[in-house]
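Notes follow once the structure below has been shown.
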Amino acid sequence: MFTLLMLLAPFPSRAEFGDVVFNKHSEKEGVRPVIFPHWFHRIRYNCKVCHYELGFKMRAGDNVVLMSDIIEGKFCGMCHNDKIAWGADRCDLCHTGRPGLQSGVIGGASTGGPGRW
Amino acid sequence: MGRTSREQRRVKAARCWSLVMAAAVAISTGLAWAGNWKPLAQDGLHDPSNTALSQLQNPAEALSKLPPDTAGNQVNWVKALEQGKINPRTSIYAGTKVNELDKKEPPDVLMKNTAELSMVRFPHKQHSEFLDCSNCHEGLFKSKAGTTTGFNMFNILQGEFCGRCHGAVAFPLTECRRCHNEPRPVAGGAAKAR
């Protein structure tokens, strides 16, 4: 268990706490995984905007996001629509992850947080 | 009879958790002190070969200006909000009904089932500034103190109840004292906390 800990420990301390990786479809479809930064968004919006008003489920991986949805104004596209924030054409600003990342929240229940050791 | 042995097992489990946690605290605080925010290109997550990275903000640029903390984002988000250092919107569409705490504001909820540790005082006010009631009620918690079933530290550490947010986005579970914040009125040796 402790060796496991030592292996995991350096990882969450590097990536920013609360970053969410989306890689259900991305790499399979030939693009980089998506990294959603909570820290950046929570400076601008309260949790309730996304998790109540806009209806994002509060569980990494529970929102099945396709690029077509975003372009139609769902999920990230509710804001990333060239009105509230820059639009869906800025691929490289969202698809920023290293190849091989697993979907999930960083520093959270599955890594740094003691949740799922 | 079954009851006492269950009780003993619980205490044992609690001790075991405390140990593991103490180790985790040591490790995590060590790291928090050791390094500040990593630039995106070196954080192990972002692909440094993506030239657009330079258009993104590095965490240090924004977070270093906010009230400091030693865990999570190394920001005390409650203070940041209280002091007006951040001013996040609470809705984006006109006409969304925002459920705010009003005069019938539910009081803090005191949770006493914490073995030998300090009790937990759950503050509704601070949470409601960030969250809607429906983020917690009735899915994670019942709206009557003491009625949520399965509500214990083990499940919290599994990412349920408080652990849904704490450890993922809000300050991590290694910060025992911030939740176990209400010393027991003497009895037992736990009143030293805080």
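Each chain in the structure tokens gets a letter, A, B and so on, in the order shown; residues start at 1 in every chain, and ligands are counted from 1 in the order they appear.
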inquiry  = I'd like the contact shell of Phe161 in chain B - 7 Å cut-off, only C-alpha atoms, skipping same-chain residues fewer than 4 positions apart - returned as a list in words.
reply    =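 Near Phe161 in chain B, the qualifying residues are Leu140, Phe151 and Ile156 of chain B.
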request  = Run DSSP on the backbone of this structure and report the residues of range 24-149 of chain B it assigns to helix (DSSP H, G or I), as number ranges by chain.
outcome  = B: 24-34, 40-42, 51-55, 59-63, 77-82, 124-130, 133-135
ask   = chain B residues within 6 Å of chain A, counting only C-alpha atoms: which ones, as a list in words?
value =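 Taken together, these residues fit the definition: Asp43, Leu45, His46, Asp47, Ala52, Gly72, Asn73, Ile86, Pro88, Arg89, Thr90, Ser91, Phe130, Leu131, Asp132, Leu157, Gln158, Gly159, Gly167, Ala168, Val169 and Pro172 of chain B.
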ask   = How far is it from CA of Leu53 in chain B to CA of Ala88 in chain A, in Å with one decimal?
value =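 Going from CA of Leu53 in chain B over to CA of Ala88 in chain A covers 16.3 Å.
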